[in-house]
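Asks: What follows is the file input.txt, containing compact mmCIF, C-alpha atoms:
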```txt
# COMPACT_ATOMS: atom_id res chain seq x y z
CA MET A 182 0.00 0.00 0.00
CA PRO A 183 1.34 3.50 -0.80
CA ASP A 184 2.40 5.60 2.17
CA ASN A 185 -0.12 8.45 1.68
CA TRP A 186 2.01 10.94 3.56
CA ALA A 187 -0.34 13.76 2.46
CA TYR A 188 -3.12 12.22 4.57
CA VAL A 189 -0.79 11.85 7.57
CA ILE A 190 0.26 15.51 7.30
CA ALA A 191 -3.37 16.58 6.84
CA ALA A 192 -4.47 14.69 9.98
CA TYR A 193 -1.69 16.04 12.21
CA GLY A 194 -1.99 19.53 10.70
CA LEU A 195 -5.71 19.57 11.38
CA ALA A 196 -5.14 18.52 15.00
CA VAL A 197 -2.53 21.27 15.46
CA ALA A 198 -4.96 23.81 13.95
CA VAL A 199 -7.89 22.73 16.17
CA PHE A 200 -5.93 22.52 19.43
CA GLY A 201 -4.03 25.72 18.59
CA ALA A 202 -7.26 27.59 17.82
CA TYR A 203 -8.81 26.39 21.07
CA TRP A 204 -5.70 27.43 23.03
CA LEU A 205 -5.73 30.91 21.43
CA ARG A 206 -9.47 31.26 22.09
CA LEU A 207 -8.95 30.43 25.77
CA GLY A 208 -6.21 33.08 25.98
CA ARG A 209 -8.36 35.73 24.29
CA ARG A 210 -11.36 35.04 26.56
CA GLU A 211 -9.12 35.09 29.65
CA ARG A 212 -7.87 38.55 28.69
CA GLU A 213 -11.45 39.75 28.07
CA ALA A 214 -12.67 38.31 31.39
CA ALA A 215 -9.74 39.85 33.27
CA ALA A 216 -10.49 43.28 31.73
CA LEU A 217 -14.19 42.91 32.63
CA ALA A 218 -13.36 41.87 36.22
CA ALA A 219 -10.92 44.77 36.57
CA GLY A 220 -13.62 47.18 35.36
CA TRP A 221 -16.10 45.88 37.93
CA ARG A 222 -13.53 46.06 40.73
CA ASP A 223 -12.68 49.64 39.74
CA ARG A 224 -16.36 50.62 39.70
CA ALA A 225 -16.97 48.93 43.08
CA ALA A 226 -13.97 50.72 44.61
CA ARG A 227 -15.23 54.08 43.31
CA ALA A 228 -18.72 53.39 44.69
CA ALA A 229 -17.28 52.52 48.11
CA ARG A 230 -15.37 55.81 48.31
CA PRO A 231 -17.05 58.60 50.42
CA GLY A 232 -18.40 61.64 48.64
CA PRO A 233 -20.96 62.31 45.91
CA PRO A 234 -21.67 59.34 43.58
CA ALA A 235 -19.69 59.33 40.39
CA ALA A 236 -21.61 60.22 37.21
CA ARG A 237 -22.61 57.20 35.13
CA PRO A 238 -20.53 57.16 31.96
CA GLU A 239 -22.31 56.98 28.64
CA THR A 240 -20.76 53.71 27.44
CA THR A 241 -22.55 53.07 24.18
CA PRO A 242 -24.40 55.34 21.75
CA THR A 243 -27.49 53.11 22.10
CA GLY A 244 -27.25 52.83 25.89
CA PRO A 245 -29.82 54.06 28.40
CA ALA A 246 -28.15 57.48 28.72
CA SER A 247 -28.55 58.21 25.01
CA ARG A 248 -32.21 57.12 25.14
CA ALA A 249 -33.00 59.49 27.99
CA PRO A 250 -35.26 62.40 27.01
CA ARG A 251 -33.29 65.54 26.23
CA PRO A 252 -34.19 68.74 28.05
CA MET B 112 -0.33 21.11 40.29
CA SER B 113 -0.36 24.51 38.62
CA THR B 114 -1.98 24.96 35.24
CA LEU B 115 1.25 26.26 33.74
CA LEU B 116 3.16 23.16 34.84
CA LEU B 117 0.39 21.00 33.36
CA GLY B 118 0.78 22.89 30.09
CA TRP B 119 4.54 22.33 29.99
CA LEU B 120 4.10 18.64 30.83
CA ALA B 121 1.59 18.39 27.95
CA ALA B 122 4.08 20.08 25.58
CA VAL B 123 6.86 17.65 26.57
CA GLY B 124 4.43 14.73 26.30
CA LEU B 125 3.31 15.80 22.82
CA ALA B 126 6.95 16.02 21.69
CA ALA B 127 7.58 12.53 23.10
CA GLY B 128 4.41 11.29 21.39
CA LEU B 129 5.59 12.61 18.02
CA VAL B 130 8.99 10.92 18.52
CA MET B 131 7.25 7.65 19.39
CA GLY B 132 4.75 7.87 16.53
CA PHE B 133 7.15 8.93 13.79
CA GLY B 134 10.60 7.89 15.04
CA VAL B 135 10.29 4.76 17.13
CA ALA B 136 7.15 2.98 15.85
CA PRO B 137 7.87 1.16 12.58
CA ARG B 138 6.04 1.50 9.28
CA GLU B 139 2.98 -0.74 9.48
CA VAL B 140 3.18 -3.62 6.98
CA THR B 141 -0.41 -3.62 5.65
CA GLN B 142 -1.42 0.06 5.79
CA GLY B 143 1.94 1.76 5.34
CA ASN B 144 2.71 5.09 7.00
CA VAL B 145 -0.94 6.21 6.96
CA GLN B 146 -1.36 3.99 10.04
CA ARG B 147 0.57 6.66 11.99
CA ILE B 148 -2.69 8.66 12.07
CA MET B 149 -3.82 6.08 14.65
CA TYR B 150 -1.39 7.57 17.19
CA LEU B 151 -3.58 10.67 17.11
CA HIS B 152 -7.02 9.25 16.22
CA VAL B 153 -7.23 6.58 18.97
CA PRO B 154 -5.80 8.57 21.93
CA ALA B 155 -8.06 11.51 20.98
CA VAL B 156 -11.19 9.41 21.46
CA TRP B 157 -9.85 7.95 24.73
CA VAL B 158 -9.32 11.49 26.06
CA ALA B 159 -12.81 12.45 24.85
CA TYR B 160 -14.29 9.43 26.71
CA LEU B 161 -12.33 10.46 29.81
CA ALA B 162 -13.50 14.08 29.59
CA PHE B 163 -17.13 13.05 29.11
CA THR B 164 -16.85 10.70 32.10
CA VAL B 165 -15.57 13.62 34.20
CA GLY B 166 -18.47 15.67 32.78
CA LEU B 167 -20.92 12.90 33.73
CA ILE B 168 -19.66 12.66 37.33
CA ALA B 169 -19.52 16.45 37.74
CA SER B 170 -23.05 16.80 36.33
CA ILE B 171 -24.43 14.19 38.74
CA THR B 172 -22.60 15.97 41.59
CA TYR B 173 -24.08 19.30 40.51
CA LEU B 174 -27.63 17.93 40.38
CA ALA B 175 -27.19 16.32 43.81
CA GLN B 176 -25.38 19.14 45.64
CA ARG B 177 -25.81 22.27 43.44
CA ARG B 178 -22.16 23.21 43.85
CA PRO B 179 -21.13 25.83 41.22
CA GLY B 180 -17.64 24.30 41.03
CA ALA B 181 -19.10 20.99 39.84
CA ASP B 182 -21.10 22.81 37.15
CA ARG B 183 -17.98 24.64 35.94
CA LEU B 184 -16.01 21.38 35.84
CA ALA B 185 -18.80 19.67 33.89
CA HIS B 186 -18.99 22.56 31.42
CA ALA B 187 -15.21 22.64 30.91
CA ALA B 188 -14.83 18.85 30.61
CA CYS B 189 -17.72 18.49 28.14
CA GLU B 190 -16.40 21.36 25.99
CA VAL B 191 -12.86 19.94 25.89
CA GLY B 192 -14.23 16.43 25.25
CA THR B 193 -16.17 17.78 22.27
CA VAL B 194 -12.97 19.33 20.85
CA PHE B 195 -11.12 16.00 21.18
CA LEU B 196 -14.04 14.05 19.72
CA GLY B 197 -14.10 16.44 16.77
CA VAL B 198 -10.40 15.77 16.18
CA ASN B 199 -11.06 12.03 16.46
CA ILE B 200 -13.87 12.12 13.87
CA ALA B 201 -11.92 14.32 11.45
CA THR B 202 -8.70 12.29 11.65
CA GLY B 203 -10.73 9.09 11.28
CA ALA B 204 -12.23 10.43 8.05
CA ILE B 205 -8.76 11.38 6.77
CA TRP B 206 -7.48 7.86 7.61
CA GLY B 207 -10.59 6.26 6.08
CA LYS B 208 -10.17 7.76 2.62
CA PRO B 209 -6.91 5.96 1.66
CA THR B 210 -7.70 2.86 3.75
CA TRP B 211 -11.41 2.18 3.20
CA GLY B 212 -11.76 4.26 0.03
CA THR B 213 -14.32 6.61 1.63
CA TRP B 214 -14.26 9.58 3.99
CA TRP B 215 -17.43 8.50 5.78
CA THR B 216 -19.87 5.63 5.95
CA TRP B 217 -23.03 5.34 8.02
CA ASP B 218 -21.97 2.22 9.90
CA ALA B 219 -22.86 1.69 13.56
CA ARG B 220 -19.58 2.99 15.06
CA LEU B 221 -19.36 6.14 12.94
CA THR B 222 -23.07 6.91 13.28
CA SER B 223 -23.11 6.40 17.06
CA VAL B 224 -20.02 8.56 17.54
CA ALA B 225 -21.57 11.26 15.34
CA VAL B 226 -24.72 11.16 17.49
CA VAL B 227 -22.65 11.66 20.67
CA PHE B 228 -20.76 14.53 19.02
CA VAL B 229 -24.00 16.26 18.02
CA MET B 230 -25.42 15.74 21.54
CA PHE B 231 -22.43 17.48 23.09
CA LEU B 232 -22.65 20.28 20.52
CA ALA B 233 -26.28 20.65 21.63
CA TYR B 234 -25.03 20.72 25.24
CA LEU B 235 -22.73 23.66 24.44
CA LEU B 236 -25.48 25.48 22.54
CA LEU B 237 -27.89 24.91 25.44
CA ARG B 238 -25.41 26.42 27.88
CA GLY B 239 -25.29 29.58 25.81
CA ALA B 240 -29.00 29.72 25.03
CA ILE B 241 -30.56 29.94 28.53
CA GLU B 242 -30.08 33.26 30.32
CA ASP B 243 -31.05 32.00 33.78
CA HIS B 244 -27.71 30.49 34.81
CA GLU B 245 -29.05 28.06 37.42
CA ARG B 246 -31.75 26.71 35.08
CA GLY B 247 -29.29 26.42 32.19
CA ALA B 248 -26.84 24.52 34.39
CA ARG B 249 -29.57 22.12 35.51
CA TYR B 250 -30.80 21.37 31.95
CA ALA B 251 -27.22 21.05 30.71
CA ALA B 252 -26.37 18.59 33.49
CA VAL B 253 -29.28 16.35 32.46
CA LEU B 254 -28.22 16.51 28.80
CA ALA B 255 -24.59 15.74 29.69
CA ILE B 256 -25.69 12.65 31.62
CA VAL B 257 -27.88 11.41 28.74
CA ALA B 258 -25.12 12.08 26.17
CA ALA B 259 -22.35 10.46 28.24
CA LEU B 260 -24.47 7.34 28.76
CA ASN B 261 -24.22 6.79 24.99
CA ILE B 262 -20.46 6.19 25.18
CA PRO B 263 -20.77 2.45 25.97
CA LEU B 264 -23.07 2.22 22.93
CA VAL B 265 -20.29 3.76 20.78
CA HIS B 266 -17.67 1.41 22.20
CA PHE B 267 -19.68 -1.81 21.89
CA SER B 268 -21.35 -0.92 18.56
CA VAL B 269 -18.61 -2.81 16.69
CA TYR B 270 -19.64 -5.99 18.55
CA TRP B 271 -23.40 -5.53 18.46
CA TRP B 272 -23.73 -4.63 14.76
CA ARG B 273 -21.84 -5.52 11.59
CA THR B 274 -19.59 -2.55 10.88
CA LEU B 275 -16.82 -1.45 8.55
CA HIS B 276 -14.96 -0.09 11.57
CA GLN B 277 -12.66 -2.67 13.13
CA PRO B 278 -13.20 -3.86 16.72
CA PRO B 279 -11.10 -2.32 19.52
CA SER B 280 -7.44 -3.32 19.56
CA LEU B 281 -6.68 -2.39 23.18
CA LEU B 282 -9.83 -1.60 25.18
CA LYS B 283 -11.11 -5.20 25.04
CA PRO B 284 -11.02 -8.30 27.21
CA GLY B 285 -7.85 -10.38 26.86
CA SER B 286 -4.35 -9.41 25.84
CA SER B 287 -3.54 -7.22 22.84
CA THR B 288 -2.31 -8.80 19.62
CA MET B 289 -0.48 -5.62 18.60
CA PRO B 290 3.33 -5.36 18.74
CA ALA B 291 4.58 -3.83 21.99
CA VAL B 292 6.17 -0.84 20.24
CA ILE B 293 2.82 0.18 18.70
CA VAL B 294 1.03 -0.24 22.04
CA THR B 295 3.74 1.89 23.72
CA ALA B 296 3.42 4.62 21.06
CA LEU B 297 -0.36 4.66 21.56
CA LEU B 298 -0.02 4.87 25.35
CA VAL B 299 2.60 7.67 25.23
CA ASN B 300 0.35 9.67 22.90
CA PHE B 301 -2.62 8.98 25.16
CA VAL B 302 -0.76 10.33 28.21
CA ALA B 303 0.34 13.40 26.19
CA LEU B 304 -3.17 14.15 24.93
CA ALA B 305 -4.64 13.46 28.40
CA LEU B 306 -2.25 16.05 29.85
CA LEU B 307 -3.28 18.49 27.12
CA GLY B 308 -6.95 17.79 27.88
CA ALA B 309 -6.41 18.29 31.62
CA TYR B 310 -4.59 21.57 30.89
CA PHE B 311 -7.49 22.80 28.74
CA VAL B 312 -10.09 21.74 31.34
CA ALA B 313 -8.19 23.50 34.16
CA ARG B 314 -7.91 26.73 32.17
CA ARG B 315 -11.51 26.61 30.96
CA ALA B 316 -12.90 25.95 34.45
CA ARG B 317 -10.86 28.84 35.87
CA LEU B 318 -12.05 31.10 33.04
CA LEU B 319 -15.67 30.19 33.79
CA ALA B 320 -15.12 31.12 37.44
CA VAL B 321 -13.65 34.52 36.47
CA GLU B 322 -16.50 35.16 33.99
CA GLU B 323 -19.14 34.27 36.59
CA GLU B 324 -17.47 36.53 39.15
CA ALA B 325 -17.26 39.41 36.68
CA LEU B 326 -20.89 39.07 35.58
CA ALA B 327 -22.32 38.46 39.08
```
What would the structure in this file look like if it were written as C-alpha cells?
Replies:
Amino acid sequence: MPDNWAYVIAAYGLAVAVFGAYWLRLGRREREAAALAAGWRDRAARAARPGPPAARPETTPTGPASRAPRP
Amino acid sequence: MSTLLLGWLAAVGLAAGLVMGFGVAPREVTQGNVQRIMYLHVPAVWVAYLAFTVGLIASITYLAQRRPGADRLAHAACEVGTVFLGVNIATGAIWGKPTWGTWWTWDARLTSVAVVFVMFLAYLLLRGAIEDHERGARYAAVLAIVAALNIPLVHFSVYWWRTLHQPPSLLKPGSSTMPAVIVTALLVNFVALALLGAYFVARRARLLAVEEEALA
C-alpha cells in the first residue's frame, strides 16, 4: 500500500490547527474576562469611596443614557 | 499542580508522542505510514471518553449538591471532550479515505459517535441559550448525563452490529495482539493528549469562574 504521507500531514496539521485555535481562544477570553473583572472592581472601589456618587458614563451610543429624554 | 506546569508537561508529552509515533514505531506492513494517524485518532477518542466521564460525574454531583464548582467542571470537561471528539472524527475520516476508500460511511460505530458529538454540541449550545444560569446549568447537566451514557453504545457498537470499523485493539477483554512498540506509542500519545486535555479543562474551568465573578 502506498504511504499516503499527504493524509498523515493533513491529519496532524488539522489537529494542530484545532488545538491551537482552542488554546488561542482560551487566551483571548481570559484577557477579556480579566479586563471585565478589573472594570467591575474599579467601579466597586469608586462606589465605596465617600463623597458624591460618580456620574454614570455613557458607554454606548445606544445605551440608556442616550435614550433618555433631552431637556 | 499549577496549570502552567500542566501545560509544559503536555508540551513535553506531545513532543515525546511525536517521537514515538514517527521515530520509534515502525512503518505498518499492511497500511503503510498512513497507520501513523492512529497515534492521534485513537488517543483523541480515549481522552474524549475520559472528559465526558468527568463531565458525567460532575453533572451528577451538581444535580445532587448544586455546587457551582461541579457545574464549571462539567462545562469545561464536556467542551474539551467535544474538541477532542471532533479531532477524532476528522482524523478518522482522513485515515478512512486511503484505507477504506471513503471519507465516511453510516456504519454503527461512525453513526453512534456522530450522534454523541451532536449531543455534546447541543449541550454547548444549550449552555449559551438559557439566560437564567441556574436553570441552564440544571438542563445542561441532564443533557450531559444522557449524552455520556451513549459512550458504551459507541464502544460496543462494533460488537453488536456488523460494521466497517474494526473492533477495539486495546480496550477489550484479553491481551492485545499488537506489537509492543505500537502499544507503547499509543499509550505515550494517550498520556500526552490526556495532559493536554487536563490543561485545557483547568484553564476553561478557571475562566468560567472569572466570567461568573465578573458578571455576578
Asks: With only C-alpha atoms as the atoms that count, which of A:Pro231, A:Gly194, A:Pro183, A:Gly201 lies nearest to chain B?
Replies: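 Closest residue, counting only C-alpha atoms: A:Pro183.
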Asks: Which residue is closest to B:Ala155? Choose from A:Ala226, A:Ala202, A:Ala187, A:Ala196 and count all atoms listed in the file.
Replies: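 Using all atoms listed in the file, B:Ala155 sits closest to A:Ala196.
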Asks: May I ask you to extract the residues of chain B within 8 Å of chain A, using all atoms listed in the file, and to give them as a list in words?
Replies: Thr141, Gln142, Gly143, Asn144, Val145, Arg147, Ile148, Leu151, Val194, Val198, Ala201, Thr202, Ile205, Trp206, Pro209, Phe311, Arg314, Arg315, Leu318, Val321, Glu322, Glu324 and Ala325 of chain B
Asks: Would you mind reading off the distance between atom CA of A:Arg206 and atom CA of B:Gly308, one decimal, in Å?
Replies: 14.9 Å
Asks: Near B:Val253, counting only C-alpha atoms, which residues have an atom at most 9 Å away, once you skip same-chain residues fewer than 5 positions from it, shown as a list in words?
Replies: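 What passes the distance filter is Ser170, Ile171, Leu174, Ala248 and Ala258 of chain B.
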Asks: Which residue out of B:Gly212, B:Val265, B:Leu125, B:Arg177 has the minimum interatomic distance to B:Arg246 when all atoms listed in the file are used?
Replies: B:Arg177
Asks: Show me, as an mmCIF file with C-alpha atoms, in the frame of the given file, the residues that have an atom within 7 Å of stretch 272-277 of chain B when counting all atoms listed in the file, minus same-chain residues fewer than 2 positions from it.
Replies:
```cif
data_model
loop_
_atom_site.group_PDB
_atom_site.id
_atom_site.type_symbol
_atom_site.label_atom_id
_atom_site.label_comp_id
_atom_site.auth_asym_id
_atom_site.auth_seq_id
_atom_site.Cartn_x
_atom_site.Cartn_y
_atom_site.Cartn_z
ATOM 1 C CA ASP B 218 -21.970 2.220 9.900
ATOM 2 C CA ALA B 219 -22.860 1.690 13.560
ATOM 3 C CA ARG B 220 -19.580 2.990 15.060
ATOM 4 C CA SER B 268 -21.350 -0.920 18.560
ATOM 5 C CA VAL B 269 -18.610 -2.810 16.690
ATOM 6 C CA TYR B 270 -19.640 -5.990 18.550
ATOM 7 C CA PRO B 279 -11.100 -2.320 19.520
#
```
Asks: Report, as JSON, the centre and edge lengths in Å (one decimal) of the axis-aligned box enclosing every listed atom of stretch 190-204 of chain A, padded by 5 Å on each side.
Replies:
```
{"center_x": -4.3, "center_y": 21.1, "center_z": 14.9, "size_x": 19.1, "size_y": 22.9, "size_z": 26.2}
```
Asks: Report the distance between atom CA of B:Ala185 and atom CA of B:Ala126 in Å, rounded to one decimal place.
Replies: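 Pair atom CA of B:Ala185 / atom CA of B:Ala126 returns 28.7 Å.
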Asks: So how many Å separate atom CA of B:Ala169 and atom CA of B:Gly203, to one decimal?
Replies: 28.8 Å
Asks: At the level of N, CA, C and O atoms, write stretch 209-224 of chain A to a file as a PDB file, in the first residue's frame, please.
Replies:
```
ATOM      1  N   ARG A 209      -7.625  34.491  24.618  1.00  0.00           N
ATOM      2  CA  ARG A 209      -8.358  35.733  24.292  1.00  0.00           C
ATOM      3  C   ARG A 209      -9.487  35.956  25.310  1.00  0.00           C
ATOM      4  O   ARG A 209      -9.661  37.053  25.843  1.00  0.00           O
ATOM      5  N   ARG A 210     -10.233  34.896  25.615  1.00  0.00           N
ATOM      6  CA  ARG A 210     -11.356  35.041  26.556  1.00  0.00           C
ATOM      7  C   ARG A 210     -10.853  35.317  27.973  1.00  0.00           C
ATOM      8  O   ARG A 210     -11.526  36.022  28.734  1.00  0.00           O
ATOM      9  N   GLU A 211      -9.697  34.788  28.327  1.00  0.00           N
ATOM     10  CA  GLU A 211      -9.119  35.088  29.652  1.00  0.00           C
ATOM     11  C   GLU A 211      -8.776  36.569  29.759  1.00  0.00           C
ATOM     12  O   GLU A 211      -9.036  37.195  30.787  1.00  0.00           O
ATOM     13  N   ARG A 212      -8.210  37.119  28.679  1.00  0.00           N
ATOM     14  CA  ARG A 212      -7.868  38.551  28.690  1.00  0.00           C
ATOM     15  C   ARG A 212      -9.141  39.407  28.789  1.00  0.00           C
ATOM     16  O   ARG A 212      -9.196  40.372  29.542  1.00  0.00           O
ATOM     17  N   GLU A 213     -10.191  39.004  28.023  1.00  0.00           N
ATOM     18  CA  GLU A 213     -11.453  39.755  28.072  1.00  0.00           C
ATOM     19  C   GLU A 213     -12.075  39.688  29.465  1.00  0.00           C
ATOM     20  O   GLU A 213     -12.551  40.698  29.986  1.00  0.00           O
ATOM     21  N   ALA A 214     -12.065  38.479  30.061  1.00  0.00           N
ATOM     22  CA  ALA A 214     -12.670  38.308  31.391  1.00  0.00           C
ATOM     23  C   ALA A 214     -11.884  39.095  32.444  1.00  0.00           C
ATOM     24  O   ALA A 214     -12.480  39.688  33.345  1.00  0.00           O
ATOM     25  N   ALA A 215     -10.567  39.107  32.307  1.00  0.00           N
ATOM     26  CA  ALA A 215      -9.739  39.854  33.271  1.00  0.00           C
ATOM     27  C   ALA A 215     -10.027  41.349  33.165  1.00  0.00           C
ATOM     28  O   ALA A 215     -10.127  42.038  34.192  1.00  0.00           O
ATOM     29  N   ALA A 216     -10.190  41.860  31.931  1.00  0.00           N
ATOM     30  CA  ALA A 216     -10.494  43.276  31.734  1.00  0.00           C
ATOM     31  C   ALA A 216     -11.860  43.615  32.321  1.00  0.00           C
ATOM     32  O   ALA A 216     -12.033  44.645  32.978  1.00  0.00           O
ATOM     33  N   LEU A 217     -12.831  42.706  32.109  1.00  0.00           N
ATOM     34  CA  LEU A 217     -14.186  42.909  32.633  1.00  0.00           C
ATOM     35  C   LEU A 217     -14.164  42.923  34.161  1.00  0.00           C
ATOM     36  O   LEU A 217     -14.763  43.801  34.795  1.00  0.00           O
ATOM     37  N   ALA A 218     -13.446  41.963  34.752  1.00  0.00           N
ATOM     38  CA  ALA A 218     -13.365  41.869  36.217  1.00  0.00           C
ATOM     39  C   ALA A 218     -12.674  43.109  36.785  1.00  0.00           C
ATOM     40  O   ALA A 218     -13.101  43.642  37.814  1.00  0.00           O
ATOM     41  N   ALA A 219     -11.642  43.580  36.106  1.00  0.00           N
ATOM     42  CA  ALA A 219     -10.924  44.775  36.571  1.00  0.00           C
ATOM     43  C   ALA A 219     -11.843  45.995  36.528  1.00  0.00           C
ATOM     44  O   ALA A 219     -11.839  46.835  37.434  1.00  0.00           O
ATOM     45  N   GLY A 220     -12.661  46.093  35.485  1.00  0.00           N
ATOM     46  CA  GLY A 220     -13.624  47.183  35.357  1.00  0.00           C
ATOM     47  C   GLY A 220     -14.626  47.183  36.501  1.00  0.00           C
ATOM     48  O   GLY A 220     -14.928  48.232  37.086  1.00  0.00           O
ATOM     49  N   TRP A 221     -15.130  45.988  36.830  1.00  0.00           N
ATOM     50  CA  TRP A 221     -16.098  45.882  37.928  1.00  0.00           C
ATOM     51  C   TRP A 221     -15.449  46.237  39.257  1.00  0.00           C
ATOM     52  O   TRP A 221     -16.056  46.923  40.079  1.00  0.00           O
ATOM     53  N   ARG A 222     -14.227  45.772  39.470  1.00  0.00           N
ATOM     54  CA  ARG A 222     -13.532  46.060  40.732  1.00  0.00           C
ATOM     55  C   ARG A 222     -13.317  47.566  40.878  1.00  0.00           C
ATOM     56  O   ARG A 222     -13.521  48.148  41.932  1.00  0.00           O
ATOM     57  N   ASP A 223     -12.931  48.201  39.748  1.00  0.00           N
ATOM     58  CA  ASP A 223     -12.677  49.635  39.735  1.00  0.00           C
ATOM     59  C   ASP A 223     -13.954  50.404  40.079  1.00  0.00           C
ATOM     60  O   ASP A 223     -13.961  51.324  40.891  1.00  0.00           O
ATOM     61  N   ARG A 224     -15.067  49.961  39.465  1.00  0.00           N
ATOM     62  CA  ARG A 224     -16.355  50.618  39.699  1.00  0.00           C
ATOM     63  C   ARG A 224     -16.798  50.437  41.159  1.00  0.00           C
ATOM     64  O   ARG A 224     -17.296  51.360  41.786  1.00  0.00           O
TER      65      ARG A 224
END
```
